[in-house]
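*Asks:* So I've got this file, structure-v4.cif, and it contains mmCIF, C-alpha atoms:
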```cif
data_work
#
loop_
_atom_site.label_atom_id
_atom_site.label_comp_id
_atom_site.auth_asym_id
_atom_site.auth_seq_id
_atom_site.Cartn_x
_atom_site.Cartn_y
_atom_site.Cartn_z
CA MET A 1 11.17 -15.96 -11.69
CA LEU A 2 10.46 -19.51 -10.55
CA TYR A 3 8.23 -19.93 -13.60
CA TYR A 4 11.10 -19.08 -15.96
CA PHE A 5 13.68 -21.01 -13.93
CA LEU A 6 11.71 -24.25 -13.99
CA ASN A 7 11.02 -23.88 -17.71
CA TYR A 8 14.73 -23.25 -18.30
CA LEU A 9 15.70 -26.42 -16.41
CA LYS A 10 13.18 -28.44 -18.40
CA THR A 11 14.05 -27.12 -21.87
CA GLU A 12 17.83 -26.76 -21.56
CA PHE A 13 18.80 -29.57 -19.18
CA LYS A 14 15.77 -31.88 -19.44
CA ILE A 15 15.38 -31.66 -15.65
CA SER A 16 11.83 -31.90 -14.36
CA VAL A 17 11.40 -30.76 -10.77
CA ILE A 18 8.76 -32.69 -8.84
CA GLY A 19 5.64 -30.53 -8.73
CA GLY A 20 7.17 -28.07 -11.20
CA GLY A 21 4.31 -28.61 -13.61
CA MET A 22 1.99 -26.90 -11.16
CA PHE A 23 3.66 -23.59 -12.00
CA GLN A 24 2.03 -23.69 -15.43
CA TYR A 25 -1.34 -23.04 -13.76
CA ILE A 26 -2.25 -19.51 -12.76
CA THR A 27 -4.54 -20.74 -9.97
CA PHE A 28 -1.61 -22.53 -8.29
CA ARG A 29 0.67 -19.50 -8.55
CA VAL A 30 -2.11 -17.24 -7.25
CA THR A 31 -2.48 -19.47 -4.20
CA MET A 32 1.26 -19.60 -3.58
CA ALA A 33 1.58 -15.81 -3.94
CA LEU A 34 -1.21 -15.31 -1.41
CA LEU A 35 0.35 -17.73 1.09
CA LEU A 36 3.88 -16.33 0.73
CA SER A 37 2.56 -12.78 1.09
CA LEU A 38 0.84 -13.74 4.35
CA ILE A 39 4.00 -15.45 5.62
CA ILE A 40 6.20 -12.46 4.81
CA SER A 41 3.85 -9.93 6.40
CA LEU A 42 3.19 -12.06 9.50
CA LEU A 43 6.64 -13.49 10.23
CA PHE A 44 8.99 -10.87 8.87
CA GLY A 45 6.58 -8.08 9.80
CA LYS A 46 7.29 -8.69 13.47
CA ARG A 47 11.02 -8.36 12.87
CA ILE A 48 10.55 -5.15 10.93
CA ILE A 49 8.42 -3.73 13.76
CA LYS A 50 11.16 -4.56 16.29
CA PHE A 51 13.73 -2.93 14.01
CA LEU A 52 11.60 0.22 13.73
CA GLN A 53 11.20 0.29 17.52
CA HIS A 54 14.94 -0.16 18.00
CA LYS A 55 15.66 2.74 15.65
CA GLN A 56 12.94 4.77 17.43
CA ILE A 57 11.10 5.36 14.18
CA GLY A 58 7.87 6.40 15.87
CA GLU A 59 4.81 8.35 14.77
CA THR A 60 4.53 11.99 15.79
CA ILE A 61 0.91 12.60 16.75
CA ARG A 62 -0.72 15.99 16.19
CA GLU A 63 -2.78 17.29 19.08
CA LEU A 64 -6.32 17.07 17.65
CA GLY A 65 -8.22 16.45 20.85
CA LEU A 66 -9.25 12.95 19.76
CA GLN A 67 -9.90 10.12 22.14
CA GLY A 68 -6.87 7.84 22.62
CA GLU A 69 -4.47 9.89 20.50
CA ASN A 70 -1.88 10.09 23.28
CA THR A 71 -1.59 6.30 23.42
CA LYS A 72 -0.45 6.29 19.78
CA LYS A 73 2.63 8.43 20.37
CA GLY A 74 5.80 6.53 19.60
CA THR A 75 4.05 3.75 17.67
CA PRO A 76 6.42 2.62 14.87
CA THR A 77 5.62 4.06 11.46
CA MET A 78 6.92 3.32 7.93
CA GLY A 79 5.24 -0.09 8.29
CA GLY A 80 4.34 0.23 4.63
CA LEU A 81 7.70 -1.47 4.07
CA ILE A 82 6.03 -4.66 5.29
CA ILE A 83 3.23 -4.28 2.75
CA LEU A 84 5.58 -3.47 -0.13
CA SER A 85 7.86 -6.43 0.65
CA ALA A 86 4.89 -8.80 0.91
CA ILE A 87 3.66 -7.62 -2.50
CA VAL A 88 6.86 -7.41 -4.50
CA ILE A 89 8.65 -10.60 -3.40
CA PRO A 90 5.81 -13.10 -4.16
CA THR A 91 5.11 -11.34 -7.46
CA LEU A 92 8.74 -11.60 -8.55
CA LEU A 93 8.84 -15.27 -7.60
CA PHE A 94 5.56 -16.52 -9.07
CA ALA A 95 4.53 -14.15 -11.89
CA GLN A 96 5.75 -13.91 -15.47
CA ILE A 97 7.78 -10.71 -15.16
CA ALA A 98 7.86 -10.18 -18.93
CA ASN A 99 4.09 -9.58 -18.85
CA VAL A 100 3.48 -5.87 -19.49
CA TYR A 101 0.84 -5.63 -16.78
CA ILE A 102 3.13 -7.18 -14.16
CA TRP A 103 6.12 -4.91 -14.69
CA LEU A 104 3.87 -1.86 -14.98
CA ILE A 105 2.10 -2.52 -11.66
CA LEU A 106 5.41 -3.37 -9.96
CA LEU A 107 6.76 -0.03 -11.16
CA CYS A 108 3.68 1.66 -9.71
CA THR A 109 4.20 -0.10 -6.36
CA VAL A 110 7.87 0.83 -6.04
CA TRP A 111 7.41 4.36 -7.43
CA LEU A 112 4.72 5.45 -4.97
CA GLY A 113 6.37 3.47 -2.17
CA LEU A 114 9.54 5.53 -2.63
CA ILE A 115 7.58 8.82 -2.60
CA GLY A 116 5.85 7.78 0.62
CA PHE A 117 9.15 6.59 2.11
CA VAL A 118 10.79 9.97 1.48
CA ASP A 119 7.78 11.69 3.07
CA ASP A 120 7.98 9.46 6.18
CA TYR A 121 11.76 9.84 6.36
CA ILE A 122 11.48 13.64 6.46
CA LYS A 123 8.81 13.44 9.17
CA VAL A 124 10.71 10.96 11.36
CA PHE A 125 14.38 11.77 10.92
CA LYS A 126 14.24 15.45 9.96
CA LYS A 127 11.55 16.11 12.62
CA ASN A 128 9.46 17.98 10.05
CA LYS A 129 5.77 17.23 10.68
CA GLU A 130 4.83 18.47 7.21
CA GLY A 131 6.97 15.83 5.50
CA LEU A 132 7.60 16.02 1.78
CA ALA A 133 6.17 19.19 0.26
CA GLY A 134 2.78 18.63 -1.31
CA ARG A 135 3.91 19.83 -4.73
CA PHE A 136 6.61 17.16 -4.86
CA LYS A 137 4.09 14.46 -3.95
CA ILE A 138 1.80 15.65 -6.73
CA MET A 139 4.71 15.77 -9.19
CA GLY A 140 5.57 12.16 -8.33
CA GLN A 141 1.96 11.01 -8.70
CA VAL A 142 1.59 12.89 -11.99
CA GLY A 143 4.83 11.35 -13.24
CA LEU A 144 3.51 7.88 -12.50
CA GLY A 145 0.18 8.71 -14.14
CA LEU A 146 2.00 9.74 -17.32
CA ILE A 147 3.94 6.46 -17.37
CA VAL A 148 0.84 4.32 -16.74
CA GLY A 149 -1.27 6.27 -19.23
CA CYS A 150 1.36 6.17 -22.00
CA THR A 151 1.99 2.45 -21.47
CA LEU A 152 -1.68 1.50 -21.55
CA TYR A 153 -2.33 3.64 -24.62
CA PHE A 154 0.76 3.00 -26.76
CA ASN A 155 2.19 -0.41 -25.76
CA ASN A 156 1.25 -3.02 -28.37
CA ASP A 157 0.91 -5.74 -25.73
CA VAL A 158 -2.00 -3.86 -24.13
CA VAL A 159 -4.92 -5.01 -26.26
CA VAL A 160 -8.49 -6.25 -26.12
CA SER A 161 -9.99 -9.07 -28.16
CA ARG A 162 -12.46 -8.19 -30.92
CA GLU A 163 -14.61 -10.56 -32.97
CA VAL A 164 -14.30 -10.15 -36.72
CA MET A 165 -17.87 -9.95 -38.02
CA GLY A 166 -17.77 -10.87 -41.71
CA ALA A 167 -16.67 -7.91 -43.79
CA LYS A 168 -17.22 -5.44 -40.98
CA LYS A 169 -14.17 -3.25 -40.46
CA LEU A 170 -12.74 -1.98 -37.22
CA ALA A 171 -13.69 1.49 -36.03
CA PRO A 172 -11.38 4.38 -37.04
CA TYR A 173 -9.99 4.58 -33.50
CA GLU A 174 -9.25 0.81 -33.37
CA ARG A 175 -6.02 -0.68 -34.71
CA GLN A 176 -5.44 -4.40 -35.17
CA ILE A 177 -2.12 -5.72 -33.86
CA VAL A 178 -1.05 -7.91 -36.76
CA THR A 179 1.86 -9.45 -34.83
CA HIS A 180 -0.63 -11.15 -32.48
CA PRO A 181 -2.10 -14.43 -33.78
CA GLU A 182 -5.76 -14.55 -34.72
CA ARG A 183 -7.91 -16.85 -32.56
CA VAL A 184 -10.66 -19.03 -34.00
CA THR A 185 -13.20 -20.67 -31.69
CA ARG A 186 -14.66 -24.13 -32.21
CA ASP A 187 -17.84 -22.66 -33.68
CA GLY A 188 -15.86 -20.69 -36.25
CA HIS A 189 -15.84 -17.20 -34.65
CA ARG A 190 -12.67 -15.22 -35.39
CA PHE A 191 -11.08 -12.89 -32.85
CA VAL A 192 -8.23 -10.41 -33.32
CA ASP A 193 -6.28 -8.31 -30.83
CA VAL A 194 -7.00 -4.61 -31.13
CA LYS A 195 -5.47 -1.43 -29.75
CA THR A 196 -8.31 0.78 -28.58
CA PRO A 197 -8.85 3.22 -25.67
CA ILE A 198 -11.98 1.46 -24.47
CA THR A 199 -13.47 0.89 -21.03
CA THR A 200 -16.56 -0.62 -19.40
CA ILE A 201 -19.70 1.33 -18.52
CA PRO A 202 -21.61 -0.19 -15.58
CA PHE A 203 -25.34 -0.88 -15.56
CA VAL A 204 -25.98 -0.37 -19.29
CA LYS A 205 -26.65 -2.96 -22.00
CA ASN A 206 -24.10 -1.68 -24.50
CA HIS A 207 -21.50 -1.55 -21.79
CA GLU A 208 -18.39 -0.45 -23.68
CA PHE A 209 -17.26 3.13 -24.11
CA ASN A 210 -14.40 4.53 -26.17
CA TYR A 211 -12.63 7.64 -24.96
CA SER A 212 -12.40 8.85 -28.57
CA LYS A 213 -16.13 9.54 -28.49
CA LEU A 214 -15.59 12.29 -25.91
CA ILE A 215 -13.92 14.44 -28.57
CA SER A 216 -15.32 12.88 -31.76
CA TRP A 217 -17.61 15.90 -32.21
CA ILE A 218 -14.50 17.98 -33.00
CA PRO A 219 -13.37 17.34 -36.60
CA GLY A 220 -10.02 15.49 -36.65
CA ALA A 221 -9.69 15.47 -32.87
CA GLU A 222 -9.82 11.68 -32.49
CA LYS A 223 -6.12 11.37 -33.26
CA TYR A 224 -5.44 13.34 -30.05
CA THR A 225 -7.39 10.91 -27.87
CA PHE A 226 -4.14 9.89 -26.18
CA ILE A 227 -3.87 13.34 -24.55
CA LEU A 228 -7.35 13.04 -23.04
CA TYR A 229 -6.78 9.44 -21.95
CA ILE A 230 -3.41 10.12 -20.28
CA PHE A 231 -4.87 13.15 -18.50
CA ILE A 232 -7.75 11.08 -17.09
CA VAL A 233 -5.39 8.29 -15.97
CA THR A 234 -3.10 10.79 -14.25
CA PHE A 235 -5.96 12.59 -12.52
CA ILE A 236 -7.58 9.38 -11.22
CA ILE A 237 -4.30 7.87 -9.96
CA THR A 238 -3.47 11.08 -8.11
CA ALA A 239 -6.98 11.35 -6.63
CA VAL A 240 -7.25 7.73 -5.44
CA SER A 241 -3.70 7.73 -4.06
CA ASN A 242 -4.48 10.84 -2.01
CA GLY A 243 -7.85 9.38 -1.01
CA ALA A 244 -6.15 6.31 0.46
CA ASN A 245 -3.61 8.53 2.18
CA ILE A 246 -6.37 10.59 3.82
CA THR A 247 -8.28 7.44 4.84
CA ASP A 248 -5.24 6.13 6.70
CA GLY A 249 -6.14 7.81 9.99
CA LEU A 250 -7.50 5.01 12.18
CA ASP A 251 -6.10 1.63 13.16
CA GLY A 252 -6.80 -0.86 10.39
CA LEU A 253 -9.05 1.45 8.37
CA ALA A 254 -7.10 1.93 5.13
CA THR A 255 -5.60 -1.56 5.33
CA GLY A 256 -8.95 -3.33 5.59
CA VAL A 257 -10.63 -1.18 2.94
CA SER A 258 -7.73 -1.73 0.51
CA GLY A 259 -7.74 -5.49 1.04
CA ILE A 260 -11.47 -5.72 0.29
CA ILE A 261 -11.07 -3.62 -2.86
CA GLY A 262 -8.18 -5.88 -3.87
CA VAL A 263 -10.48 -8.91 -3.80
CA CYS A 264 -12.88 -7.08 -6.13
CA LEU A 265 -10.12 -6.19 -8.59
CA GLY A 266 -8.79 -9.74 -8.43
CA ILE A 267 -12.15 -11.08 -9.56
CA PHE A 268 -12.28 -8.55 -12.41
CA ALA A 269 -8.75 -9.46 -13.52
CA TYR A 270 -9.40 -13.19 -13.44
CA VAL A 271 -12.70 -13.21 -15.37
CA SER A 272 -11.53 -10.62 -17.91
CA GLY A 273 -8.30 -12.55 -18.50
CA ASN A 274 -10.07 -15.89 -18.96
CA ILE A 275 -11.67 -16.29 -22.39
CA GLN A 276 -14.31 -18.77 -21.16
CA PHE A 277 -15.48 -16.55 -18.30
CA ALA A 278 -15.36 -13.44 -20.49
CA GLU A 279 -17.52 -15.12 -23.12
CA TYR A 280 -20.01 -16.41 -20.53
CA LEU A 281 -20.34 -13.02 -18.82
CA ASN A 282 -20.35 -11.17 -22.15
CA ILE A 283 -17.50 -8.88 -21.09
CA MET A 284 -14.41 -7.84 -23.00
CA TYR A 285 -11.60 -10.41 -23.04
CA ILE A 286 -8.20 -8.89 -22.27
CA PRO A 287 -5.37 -11.23 -23.34
CA ASN A 288 -2.58 -11.92 -20.83
CA LEU A 289 -4.49 -10.18 -18.04
CA GLY A 290 -4.90 -13.32 -15.94
CA GLU A 291 -1.26 -13.08 -14.85
CA LEU A 292 -2.19 -9.95 -12.95
CA SER A 293 -4.20 -12.12 -10.53
CA ILE A 294 -0.89 -13.22 -8.99
CA PHE A 295 0.04 -9.66 -8.10
CA ILE A 296 -3.42 -8.97 -6.73
CA ALA A 297 -3.29 -12.12 -4.59
CA ALA A 298 -0.03 -10.86 -3.08
CA PHE A 299 -1.63 -7.44 -2.59
CA VAL A 300 -4.59 -8.91 -0.69
CA GLY A 301 -2.32 -11.17 1.37
CA ALA A 302 -0.11 -8.20 2.28
CA CYS A 303 -3.12 -6.20 3.48
CA ILE A 304 -4.48 -9.10 5.54
CA GLY A 305 -1.08 -9.86 7.04
CA PHE A 306 -0.41 -6.22 7.87
CA LEU A 307 -3.85 -5.96 9.47
CA TRP A 308 -2.62 -8.50 12.05
CA TYR A 309 -0.39 -5.77 13.47
CA ASN A 310 -2.33 -2.71 12.34
CA ALA A 311 -5.73 -3.61 13.82
CA TYR A 312 -6.71 -1.79 17.01
CA PRO A 313 -4.60 -1.22 19.02
CA ALA A 314 -2.07 -0.79 16.24
CA GLN A 315 1.48 -2.03 16.80
CA VAL A 316 2.65 -0.26 13.64
CA PHE A 317 1.38 2.37 11.19
CA MET A 318 1.87 2.03 7.45
CA GLY A 319 2.72 5.70 7.02
CA ASP A 320 2.73 7.33 3.60
CA THR A 321 5.07 4.53 2.49
CA GLY A 322 2.05 2.26 2.43
CA SER A 323 -0.99 4.48 1.98
CA LEU A 324 0.18 6.34 -1.14
CA ALA A 325 1.19 3.04 -2.75
CA LEU A 326 -2.10 1.30 -1.91
CA GLY A 327 -4.20 4.01 -3.52
CA GLY A 328 -2.00 4.24 -6.61
CA ILE A 329 -2.01 0.46 -7.05
CA ILE A 330 -5.81 0.30 -6.83
CA ALA A 331 -6.26 3.10 -9.38
CA SER A 332 -3.73 1.60 -11.80
CA LEU A 333 -5.33 -1.84 -11.52
CA ALA A 334 -8.74 -0.34 -12.27
CA PHE A 335 -7.44 1.12 -15.54
CA ILE A 336 -5.62 -2.08 -16.47
CA VAL A 337 -8.77 -4.20 -16.07
CA ARG A 338 -10.76 -1.41 -17.75
CA LYS A 339 -13.10 -0.86 -14.85
CA GLU A 340 -12.09 2.70 -13.94
CA LEU A 341 -15.67 3.96 -14.21
CA LEU A 342 -16.45 1.68 -11.24
CA ILE A 343 -13.90 3.45 -9.02
CA PRO A 344 -16.56 5.72 -7.40
CA ILE A 345 -18.39 2.53 -6.37
CA PHE A 346 -15.76 0.15 -5.02
CA CYS A 347 -13.56 3.04 -3.80
CA GLY A 348 -16.59 4.72 -2.20
CA VAL A 349 -14.91 5.09 1.20
CA PHE A 350 -11.80 6.71 -0.33
CA LEU A 351 -14.05 9.04 -2.33
CA ILE A 352 -16.16 10.08 0.66
CA GLU A 353 -13.09 10.66 2.81
CA LEU A 354 -11.48 12.83 0.12
CA LEU A 355 -14.68 14.79 -0.53
CA SER A 356 -15.19 15.37 3.19
CA VAL A 357 -11.84 17.19 3.34
CA MET A 358 -12.47 19.19 0.17
CA ILE A 359 -15.97 20.23 1.27
CA GLN A 360 -14.84 21.12 4.79
CA VAL A 361 -11.93 23.26 3.59
CA SER A 362 -13.96 24.96 0.84
CA TYR A 363 -16.86 25.77 3.17
CA PHE A 364 -14.50 27.08 5.85
CA LYS A 365 -12.80 29.44 3.36
CA TYR A 366 -16.14 30.55 1.90
CA THR A 367 -17.69 31.39 5.28
CA LYS A 368 -14.55 33.12 6.48
CA LYS A 369 -14.61 35.35 3.43
CA LYS A 370 -18.34 36.03 3.70
CA TYR A 371 -18.89 36.26 7.47
CA GLY A 372 -15.41 37.05 8.73
CA GLU A 373 -15.11 33.73 10.55
CA GLY A 374 -14.70 30.21 9.24
CA ARG A 375 -17.49 27.70 9.84
CA ARG A 376 -17.44 23.93 9.54
CA ILE A 377 -19.90 21.38 8.24
CA LEU A 378 -18.24 18.46 10.06
CA LYS A 379 -16.81 18.55 13.55
CA MET A 380 -13.53 17.51 11.97
CA SER A 381 -12.34 16.16 8.65
CA PRO A 382 -11.67 13.61 7.25
CA LEU A 383 -15.00 11.95 7.92
CA HIS A 384 -13.65 9.27 10.26
CA HIS A 385 -12.45 11.98 12.66
CA HIS A 386 -15.95 13.49 12.63
CA TYR A 387 -17.34 10.23 13.98
CA GLN A 388 -14.58 10.11 16.58
CA LYS A 389 -15.59 13.59 17.73
CA ILE A 390 -19.20 12.55 18.27
CA GLY A 391 -18.15 9.61 20.43
CA TYR A 392 -17.69 6.53 18.23
CA HIS A 393 -14.75 4.27 19.09
CA GLU A 394 -12.21 4.04 16.28
CA SER A 395 -12.49 0.25 16.00
CA LYS A 396 -16.25 0.56 15.45
CA ILE A 397 -15.67 3.22 12.79
CA SER A 398 -13.09 1.05 10.99
CA VAL A 399 -15.28 -2.06 10.98
CA ARG A 400 -18.31 -0.13 9.73
CA PHE A 401 -16.25 1.40 6.93
CA TRP A 402 -15.12 -2.13 6.02
CA ILE A 403 -18.75 -3.22 5.89
CA ILE A 404 -19.62 -0.28 3.66
CA THR A 405 -16.72 -1.21 1.37
CA ILE A 406 -17.94 -4.82 1.18
CA MET A 407 -21.38 -3.54 0.13
CA CYS A 408 -19.80 -1.29 -2.51
CA VAL A 409 -17.65 -4.16 -3.81
CA VAL A 410 -20.69 -6.47 -4.09
CA VAL A 411 -22.47 -3.83 -6.18
CA ALA A 412 -19.37 -3.41 -8.37
CA ILE A 413 -19.05 -7.17 -8.97
CA ALA A 414 -22.78 -7.40 -9.70
CA THR A 415 -22.30 -5.02 -12.62
CA LEU A 416 -20.75 -7.95 -14.50
CA LYS A 417 -24.33 -9.15 -15.09
CA MET A 418 -26.55 -6.21 -14.02
CA ARG A 419 -27.19 -4.29 -17.22
#
```
Do you think you could lay out the structure here as structure tokens?

*Replies:*
Amino acid sequence: MLYYFLNYLKTEFKISVIGGGMFQYITFRVTMALLLSLIISLLFGKRIIKFLQHKQIGETIRELGLQGENTKKGTPTMGGLIILSAIVIPTLLFAQIANVYIWLILLCTVWLGLIGFVDDYIKVFKKNKEGLAGRFKIMGQVGLGLIVGCTLYFNNDVVVSREVMGAKKLAPYERQIVTHPERVTRDGHRFVDVKTPITTIPFVKNHEFNYSKLISWIPGAEKYTFILYIFIVTFIITAVSNGANITDGLDGLATGVSGIIGVCLGIFAYVSGNIQFAEYLNIMYIPNLGELSIFIAAFVGACIGFLWYNAYPAQVFMGDTGSLALGGIIASLAFIVRKELLIPIFCGVFLIELLSVMIQVSYFKYTKKKYGEGRRILKMSPLHHHYQKIGYHESKISVRFWIITIMCVVVAIATLKMR
């Protein structure tokens, strides 16, 4: 909003605010969003924690026989409100809200934040340990997936840049947006904005893949690509959101992992939204994507600031208010920057945690049916509880999972040139 306000003062009233010109630069607004996010989460976070303590909004701990679980009883929960505030406020102040990617990711943040808030509210105030019924959570995540998928597929502002090669025509599944101006580089290359359901394939030379090719073997099926694309978007958003929710079981674990992944996505957004970097790295240029870096900076700042209070021993838990939103934001960002095929790499911890639960439950049901008693592969799921059971301190587990995430992120970023 500050961006529009300063422009309005300059154009309508000829008033130039000292330093106002800095707001024309994305790098400046990214820095300011990061700083403000840290300030909100650090300064106002303490007040929110005191408010939660005053209202006795504490976590109800299940008796799992884990070391130190009794010390966590009564720790304030719903701390995800700190994260959401530290994301939304800087984004509203420093980003161009009219940008399709900004309002879409803000919708994602608020949408999943509300679902998590309702779940935490039921647990805390209604004294129902189960919280919001699983089917309603899934319905909310599916609803968001449909909105994100439809927007990315149908909105004419969601485009990629394509070079016009002589008389070569666009592919049947690509549509030029004629309302967008054609760009001509200094060396005479012409680029047009195209609507196409395309993504990036890591580690291969011809690193672009169109979803239409998945069903192109069926005559006439390409016109129904939107159904396949929206289904994939919905499935991935639901899976990653639940993966982050499951990972949020130790002090600082989900917060640190999410912050590291945010840095990775910020790099992808910045280079893909900058035509010079995109040309140098030989990756697809996505117009207007650079503005998303402001949101991601606020996202990373919110995670770092919240970690101040959430690191062991935690003074506050994010609850589902934060964890569901973090996972959904990460998945949505991955689709926006067209790096969703890298999710298994940079979201490796979320994936392993989710698979550990699925494998444990499936094996237990299988052995119970076959042998009459359920057997377990892990001492406890999710995976971080397994390591607690064999004697690792939770802070050591969290830090090692952060290190693993850093390694995964480095591999993901390296795919920009490793082909």

*Asks:* Run through the PyMOL selection byres ((chain A and resi 298) around 10) on the given coordinates and return the selected residues as a ChimeraX atom specification.

*Replies:* /A:30-38,83-91,94,262,293-297,299-304

*Asks:* From the set A:Gly256, A:Gly134, A:Gly374, A:Gly327, which residue has the shortest atom-to-atom contact distance to Phe306 in chain A, counting all atoms listed in the file?

*Replies:*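 Looking only at the distances to Phe306 in chain A, the closest residue turns out to be A:Gly256.
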
*Asks:* Pull out every residue that the PyMOL selection byres ((chain A and resi 396) around 12) matches in the shown coordinates and put them as a PyMOL selection string.

*Replies:* chain A and resi 250-253+311-312+384+387-388+391-395+397-403

*Asks:* Pick out the residues sitting within 6 Å of range 332-348 of chain A, and hand them over as a ChimeraX atom specification; count all atoms listed in the file, and ignore anything fewer than 6 positions along from it in its own chain.

*Replies:* /A:199-200,269,408-409

*Asks:* The selected residues should be written to file as a compact mmCIF listing (two decimals), in the frame of the given file (atoms: C-alpha atoms).

*Replies:*
```txt
# COMPACT_ATOMS: atom_id res chain seq x y z
CA THR A 199 -13.47 0.89 -21.03
CA THR A 200 -16.56 -0.62 -19.40
CA ALA A 269 -8.75 -9.46 -13.52
CA CYS A 408 -19.80 -1.29 -2.51
CA VAL A 409 -17.65 -4.16 -3.81
```

*Asks:* Could you spell out the hits of the PyMOL selection byres ((chain A and resi 286) around 6) on the shown file, as a short mmCIF file (atom, residue, chain, number, x, y, z; two decimals) with C-alpha atoms, in the coordinates of the input?

*Replies:*
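File written: part08.cif
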```cif
data_model
loop_
_atom_site.label_atom_id
_atom_site.label_comp_id
_atom_site.auth_asym_id
_atom_site.auth_seq_id
_atom_site.Cartn_x
_atom_site.Cartn_y
_atom_site.Cartn_z
CA VAL A 160 -8.49 -6.25 -26.12
CA SER A 272 -11.53 -10.62 -17.91
CA GLY A 273 -8.30 -12.55 -18.50
CA TYR A 285 -11.60 -10.41 -23.04
CA PRO A 287 -5.37 -11.23 -23.34
CA LEU A 289 -4.49 -10.18 -18.04
#
```

*Asks:* Using only C-alpha atoms, tabulate the residues of range 158-269 of chain A lying at most 6 Å from any atom of range 135-154 of chain A, each with its closest atom pair and that distance in Å to one decimal, by chain and increasing residue number, as CSV.

*Replies:*
```
residue,atom,partner,partner_atom,distance
A:Val158,CA,A:Leu152,CA,6.0
A:Ile230,CA,A:Gly149,CA,4.5
A:Val233,CA,A:Gly149,CA,5.6
A:Thr234,CA,A:Gly145,CA,3.9
A:Thr238,CA,A:Gln141,CA,5.5
```

*Asks:* Taking only C-alpha atoms into account, name the residue in A:Ile201, A:Tyr363, A:Ile115, A:Ile377 that is nearest to Gly328 in chain A.

*Replies:*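 Closest candidate: A:Ile115.
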
*Asks:* Of the candidates A:Met418, A:Val192, A:Leu107, A:Val411, which shows the shortest atom-to-atom distance to Lys205 in chain A, using only C-alpha atoms?

*Replies:* A:Met418

*Asks:* Using all atoms listed in the file, pick whichever of A:Gly243, A:Pro382, A:Gly249, A:Pro197 has the shortest atom-to-atom distance to Tyr224 in chain A.

*Replies:*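 Under the stated criterion, the closest residue is A:Pro197.
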
*Asks:* Rounded to one decimal place, report the CA of Ile102 in chain A-CA of Phe268 in chain A distance in Å.

*Replies:*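 About the pair CA of Ile102 in chain A and CA of Phe268 in chain A: they are 15.6 Å apart.
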